[in-house]
Amino acid sequence: MNFKNRLFILIYIFGMHSVTAQNAITLLTQEKQFVAGSTNLLEFKTSNRTSYQLYCTNSYGSTLLNSEFNNGTVVFKIPAYIGNKTGVVGWKIIGSTESISGKFTITPKQKPASLESYIGPPSIEAGGTDFTMLVVIPTDELDNPLKQHTKVGMKHQFMSSEKETPIFTNNLIAYQTIFSPLKSGRMILSSESLGLNSKEYDVNIMPAIGTNFKIFSKRNHAYADGNQITTFSTSIIKDKNNNIVSDGTFVAFFITNKKGNILKTSGTTINGIANAKMIHPDHEEVWKIKAYIAGISESNCLEISYKKVIESFDIHFSDTNRTLKVGPLKSFMNQMIPDGLRVSLSIYKEGEFVNNIFKTTNDGFVTFDLDSNIYENGNYNLEVTAAGITQKFKAKKLW
Amino acid sequence: MVNTNKIILRSVLIGTYFMIISILIFLISSLFSYFNTGADRSAMLHTEVKTIDQYVPKVSWKDDGNEGRHVDPQTLSSIESDYLDAWYVKHIANKTNLKNGIDDFYTKSARKNLFNFIEHNKEENMSIESTTLAHNPDILFFSEDGQLVVLEDKNVIEYKKVIKDNKPVIETTETSDYKGVFLLEDGFWRIRHLVKEHTSEFDKTILPSLMNSSNIKGINYYPQATPWDMFGANFDLKIIKKDFKIIKKAGLNTIRIFVPYEDFGKAKVKESKLEKLEQVLDAADKRRLKVVVTLFDFYGNYDVLDWTLNHRHAEIIVSKFKDHKAILAWDVKNEPNLDFESRGKELVISWLEHLIILIKSIDKNHAVTIGWSNIKSAEILKNSLDFVSFHYYEDVHDFEKKYDNLKKVIPNKPIVLGEFGISSYSGAWKPFGSSEKIQAAYYKEMQKVLTKKNLSFISWTLYDFDTIPKEVVGMLPWRVNPQKEFGFINTNGVKKPAFDYISN
């Protein structure tokens, strides 16, 4: 190959190169990072004046932008709604023969405008095992989360202690778990980042579950008159850290009598004390009482006894034995027993049970009438029971 | 006379009475049912179960725990469904430039960012057809009170097609990483912040399959009684087995069958259909026949928002049979180039391309091809396919020349003639049509060329058919009737003269 030929090829190659360069559009903008909210432009060098479009995509969407000419350069103004949001923005030139694309990053302004805080659960149990969590999203004025590893001061006050712990944003948020103190009360939290302070948030530290407790009883007298009321109460119920349990804690009292039957009464606590009441038995009785906070704690066992008030009573038959007048029923000072004592009459005929009639005393007496239409003439066994005492009449003749 | 008149009057009166009463009852009952329908109280709680799959991209959770509270499966599934719905409403908004549904899945401050795009795009008369094909979400943080989640989604495959003034401007597939903060508001996991942390062009590199797919001597197969409905109610394995015996005996080694998209259950492929397909493949394997399975038969939507459903359909079928010995190749779609005009060439090609990538990602062994309807389209996507296949129903004498031209354009890929044949019909609708003799001569001529060029072939078809569904060639009798007689064996089971030239 001679020199002429070589020169020709060289010129040819040069010519070809400049032809492709003429069509080309090249990026002038050097920056790959912009701060959110700053006006950013993408400038391209081109030799012809054809207009281009720019495909642009960010965290939330995609769009096309139109070009403008400015002193021989093609300029794309990145609109605010793209330029204001952090993240990677990808772009591509449309209308050029070769594919020209790139990307740039928009970083947040490193100045928080709000500290979006989420705290929960809003109430936790004292004692150091339960915890709450504070999540803070520091955002700039354009609602972008601040950079990774931004310092957030987490402040909290409880009783006499005030603390500030530095935490750092990671994955858009900063968070801290806060374990409960031993005492119940209210904890106040707030946060701070780069000079901006948040509102105040509070968390209720509730007392933990109650521990075992004692119970007491209080009554007017010890007689089983079926009329007075015995009041049971608990000692001040506290959790293991000496916090009085929350008001309204439900305490159930179980009373076991001589026969093994169970009576139940209940109360809820106020300032740690629960009260419950029960009417006196109407016969001699011994009660064993134990109280429970279901599934949580229990009391000691309390034993109280009730004295007999009625030793015996009279029964007067009249009107062909069809009217029974029971009484007078007298109490411990020989006073008439208060109205409402239960008296029962059981009727048997020829060994077979016929009926049970219950009545309550009125002015110390109870009257039973045995209707001749129901109870035919004949011999009946009758049993009258009052205050735990039973009197039996065998083969009482009704006519 | 008077009596008759009375009777007529009476019956008219009674009839009118009944009519009025029935109208009244109808009106009152409609009023009653109107007040008893409508908004259900339970709807307030969002407890209703939506059963229609609209959008099912591939979601692979990274299950590596998180900072903060443990995420229980129910929370995870509600986060997933709300997160995907957030994408779905965004795709709809991109397409329609309407704001419907966005309020439910983006918080008040986050939705502004979407609205800005919608407003700009609306002003510019633009719309974006978009979808995502894969998500790899990972919960990074779950707050103790269960109200806030930080989620990372890596390698989201996003397809977008930007349309301006009704003209497609750009089409792009991107792989992006997102990080988002979600808040539980009104029972919805709403996006509070979303940050795209990384983005790049999606890598469309496709690796060639490992298996050899040359030397195909095949036939397109439908049972005689159930053409275009092979896996329907009249599925009969006995007949299919018998046909496979005939095919094998004729010296062929391959069949091409079709899997109808809707019949198989779209995105939720029916187990019963898969069983039938498996039986067919087992039967083919027993006769040592290889099978080219054509997917997406009777499908023609290609809509971008339909893609995820298509992908799940292909995924289920391909992953079930990727290790089946009978499989030779996956034919993505039969004659998709016929939909270029109605659906847009670029859209159909992108649809095919992404399906090839999906099928290849599941089944690395078997070949993937597309059954182009003519030789002209055979070059499309040639680099993505393991072998090029095209159909030829033109003049037999031009075949050699046209094939040589194609071979020049595609020198390095195997080429398969996926369908060819001629009808033996002549009758009232085509009086100077073909005949069985002409058909035989056609195949003789074709086989000569095929042997000379050592070209793999799959002919159309084994049987003459009694009926052709209208979806195949329409209703016009001069098109339907010739279509019935493309077979090597007529409707009575008698071999036509062309049967001698079924193979070479």
# chains A, B, ... in the order shown; residues from 1 in each chain; ligands from 1
$ interface_residues --of "chain A" --to "chain B" --cutoff "7 Å" --atoms "only C-alpha atoms" --output "VMD selection string"
chain A and resid 58 to 61 63 81 86 to 88 120 to 121 132 to 133
$ residues_around --residues "Asn71 of chain A" --least-positions-apart "2" --cutoff "12 Å" --atoms "only C-alpha atoms" --output "PyMOL selection string"
chain A and resi 43-49+68-69+73-75
$ residues_around --residues "Ala126 of chain A" --least-positions-apart "5" --cutoff "8 Å" --atoms "only C-alpha atoms" --output "NGL selection string"
:A and (180-184 or 205-208)
$ write_last_selection --atoms "N, CA and C atoms" --output "tab-separated table (two decimals), in the first residue's frame"
chain	number	residue	atom	x	y	z
A	180	SER	N	-38.87	-0.46	80.48
A	180	SER	CA	-39.60	0.22	81.55
A	180	SER	C	-38.72	0.31	82.80
A	181	PRO	N	-38.92	1.36	83.61
A	181	PRO	CA	-38.23	1.44	84.90
A	181	PRO	C	-38.93	0.53	85.91
A	182	LEU	N	-38.40	0.49	87.12
A	182	LEU	CA	-39.01	-0.37	88.14
A	182	LEU	C	-40.29	0.24	88.71
A	183	LYS	N	-40.35	1.56	88.72
A	183	LYS	CA	-41.50	2.25	89.31
A	183	LYS	C	-42.55	2.52	88.25
A	184	SER	N	-43.81	2.58	88.68
A	184	SER	CA	-44.84	3.00	87.73
A	184	SER	C	-44.91	4.52	87.72
A	205	ILE	N	-46.24	4.17	82.41
A	205	ILE	CA	-45.62	2.96	82.95
A	205	ILE	C	-46.62	2.40	83.95
A	206	MET	N	-47.24	1.33	83.59
A	206	MET	CA	-48.28	0.76	84.44
A	206	MET	C	-47.64	-0.19	85.44
A	207	PRO	N	-48.24	-0.32	86.65
A	207	PRO	CA	-47.73	-1.32	87.59
A	207	PRO	C	-47.82	-2.71	86.97
A	208	ALA	N	-46.95	-3.57	87.42
A	208	ALA	CA	-46.99	-4.94	86.91
A	208	ALA	C	-48.07	-5.72	87.64
$ select_by_dssp --residues "segment 59-163 of chain A" --states "helix (DSSP H, G or I)" --output "list in words"
Ala80, Tyr81, Ile82 and Gly83 of chain A
$ atom_distance --atom1 "atom CA of Ile279 of chain A" --atom2 "atom CA of Thr265 of chain A"
10.4 Å
$ select_by_dssp --residues "segment 166-289 of chain A" --states "strand (DSSP E)" --output "MDAnalysis selection string"
chainID A and resid 166:168 174:179 185:193 196:197 201:206 215:218 229:234 250:256 262:270 273:279 285:289
$ write_last_selection --atoms "C-alpha atoms" --output "tab-separated table (two decimals), in the first residue's frame"
chain	number	residue	atom	x	y	z
A	166	PRO	CA	-27.68	9.41	70.68
A	167	ILE	CA	-29.16	7.14	67.99
A	168	PHE	CA	-28.47	7.16	64.27
A	174	ALA	CA	-33.90	6.02	63.67
A	175	TYR	CA	-35.32	3.97	66.47
A	176	GLN	CA	-34.70	3.08	70.07
A	177	THR	CA	-36.28	0.58	72.38
A	178	ILE	CA	-36.93	1.91	75.87
A	179	PHE	CA	-37.28	-0.59	78.68
A	185	GLY	CA	-45.54	6.50	86.54
A	186	ARG	CA	-45.29	8.54	83.36
A	187	MET	CA	-42.24	8.75	81.14
A	188	ILE	CA	-41.73	11.72	78.88
A	189	LEU	CA	-39.85	11.36	75.62
A	190	SER	CA	-38.67	13.71	72.94
A	191	SER	CA	-36.05	13.77	70.23
A	192	GLU	CA	-33.67	16.20	68.68
A	193	SER	CA	-31.76	16.21	65.43
A	196	LEU	CA	-34.56	20.65	65.67
A	197	ASN	CA	-36.56	19.45	68.63
A	201	TYR	CA	-44.50	12.29	73.93
A	202	ASP	CA	-45.43	10.33	76.98
A	203	VAL	CA	-45.63	6.70	77.86
A	204	ASN	CA	-47.56	5.36	80.81
A	205	ILE	CA	-45.62	2.96	82.95
A	206	MET	CA	-48.28	0.76	84.44
A	215	ILE	CA	-57.33	-10.65	103.44
A	216	PHE	CA	-59.28	-9.45	106.43
A	217	SER	CA	-62.90	-9.55	107.50
A	218	LYS	CA	-65.04	-7.07	109.36
A	229	ILE	CA	-73.22	-8.27	106.32
A	230	THR	CA	-69.59	-9.28	106.63
A	231	THR	CA	-67.13	-7.19	104.62
A	232	PHE	CA	-63.91	-8.74	103.32
A	233	SER	CA	-60.99	-6.60	102.31
A	234	THR	CA	-57.50	-7.15	101.00
A	250	PHE	CA	-60.45	-7.76	89.91
A	251	VAL	CA	-60.26	-9.83	93.08
A	252	ALA	CA	-62.54	-12.84	93.57
A	253	PHE	CA	-63.28	-14.18	97.07
A	254	PHE	CA	-64.14	-17.84	97.39
A	255	ILE	CA	-65.96	-18.87	100.60
A	256	THR	CA	-66.10	-22.57	101.46
A	262	ILE	CA	-68.62	-22.54	97.64
A	263	LEU	CA	-69.98	-19.02	97.83
A	264	LYS	CA	-68.40	-16.36	95.71
A	265	THR	CA	-68.13	-12.62	95.98
A	266	SER	CA	-65.81	-10.14	94.34
A	267	GLY	CA	-64.48	-6.62	94.25
A	268	THR	CA	-62.10	-4.43	92.31
A	269	THR	CA	-59.18	-2.56	93.79
A	270	ILE	CA	-58.98	1.10	94.58
A	273	ILE	CA	-57.47	-2.54	98.19
A	274	ALA	CA	-60.46	-4.58	97.04
A	275	ASN	CA	-63.61	-4.91	99.15
A	276	ALA	CA	-66.33	-7.53	98.89
A	277	LYS	CA	-69.39	-8.28	100.97
A	278	MET	CA	-71.42	-11.31	101.97
A	279	ILE	CA	-74.60	-11.68	104.05
A	285	GLU	CA	-71.41	-21.97	110.20
A	286	VAL	CA	-67.64	-21.93	109.68
A	287	TRP	CA	-66.34	-20.18	106.56
A	288	LYS	CA	-62.94	-20.56	104.97
A	289	ILE	CA	-62.20	-17.64	102.67
$ closest_residue --among "A:Ile293, A:Leu28, A:Leu42, A:Leu329" --to "Ala387 of chain A" --atoms "only C-alpha atoms"
A:Leu329
$ atom_distance --atom1 "atom CA of Ala93 of chain B" --atom2 "atom CA of His313 of chain B"
25.5 Å
$ atom_distance --atom1 "atom CA of Gln110 of chain A" --atom2 "atom CA of Ile139 of chain B"
26.1 Å
$ closest_residue --among "A:Leu134, A:Gln33, A:Gly127, A:Ala24" --to "Glu98 of chain A" --atoms "only C-alpha atoms"
A:Ala24
$ residues_around --residues "segment 478-490 of chain B" --least-positions-apart "3" --cutoff "8 Å" --atoms "only C-alpha atoms" --output "list in words"
Gly421, Ile422, Ser423, Ser424, Tyr425, Ser426, Trp429, Lys430, Trp460, Thr461, Leu462, Tyr463, Asp464, Phe465, Asp466, Thr467, Ile468, Val473, Gly474, Met475, Gly493, Val494, Lys495, Lys496, Pro497, Ala498, Phe499 and Ile502 of chain B
$ closest_atom_pairs --of "segment 133-238 of chain B" --to "segment 264-281 of chain B" --cutoff "12 Å" --atoms "only C-alpha atoms" --output "JSON lines"
{"residue": "B:Tyr221", "atom": "CA", "partner": "B:Val280", "partner_atom": "CA", "distance": 11.2}
{"residue": "B:Tyr222", "atom": "CA", "partner": "B:Val280", "partner_atom": "CA", "distance": 11.4}
{"residue": "B:Pro223", "atom": "CA", "partner": "B:Val280", "partner_atom": "CA", "distance": 11.3}
{"residue": "B:Asp229", "atom": "CA", "partner": "B:Phe264", "partner_atom": "CA", "distance": 10.9}
{"residue": "B:Met230", "atom": "CA", "partner": "B:Lys276", "partner_atom": "CA", "distance": 9.2}
{"residue": "B:Phe231", "atom": "CA", "partner": "B:Lys276", "partner_atom": "CA", "distance": 6.5}
{"residue": "B:Gly232", "atom": "CA", "partner": "B:Lys273", "partner_atom": "CA", "distance": 8.4}
{"residue": "B:Ala233", "atom": "CA", "partner": "B:Lys273", "partner_atom": "CA", "distance": 10.3}
{"residue": "B:Asn234", "atom": "CA", "partner": "B:Lys276", "partner_atom": "CA", "distance": 11.3}
{"residue": "B:Phe235", "atom": "CA", "partner": "B:Lys276", "partner_atom": "CA", "distance": 7.9}
{"residue": "B:Asp236", "atom": "CA", "partner": "B:Lys276", "partner_atom": "CA", "distance": 9.4}
{"residue": "B:Leu237", "atom": "CA", "partner": "B:Val280", "partner_atom": "CA", "distance": 7.2}
{"residue": "B:Lys238", "atom": "CA", "partner": "B:Val280", "partner_atom": "CA", "distance": 10.1}
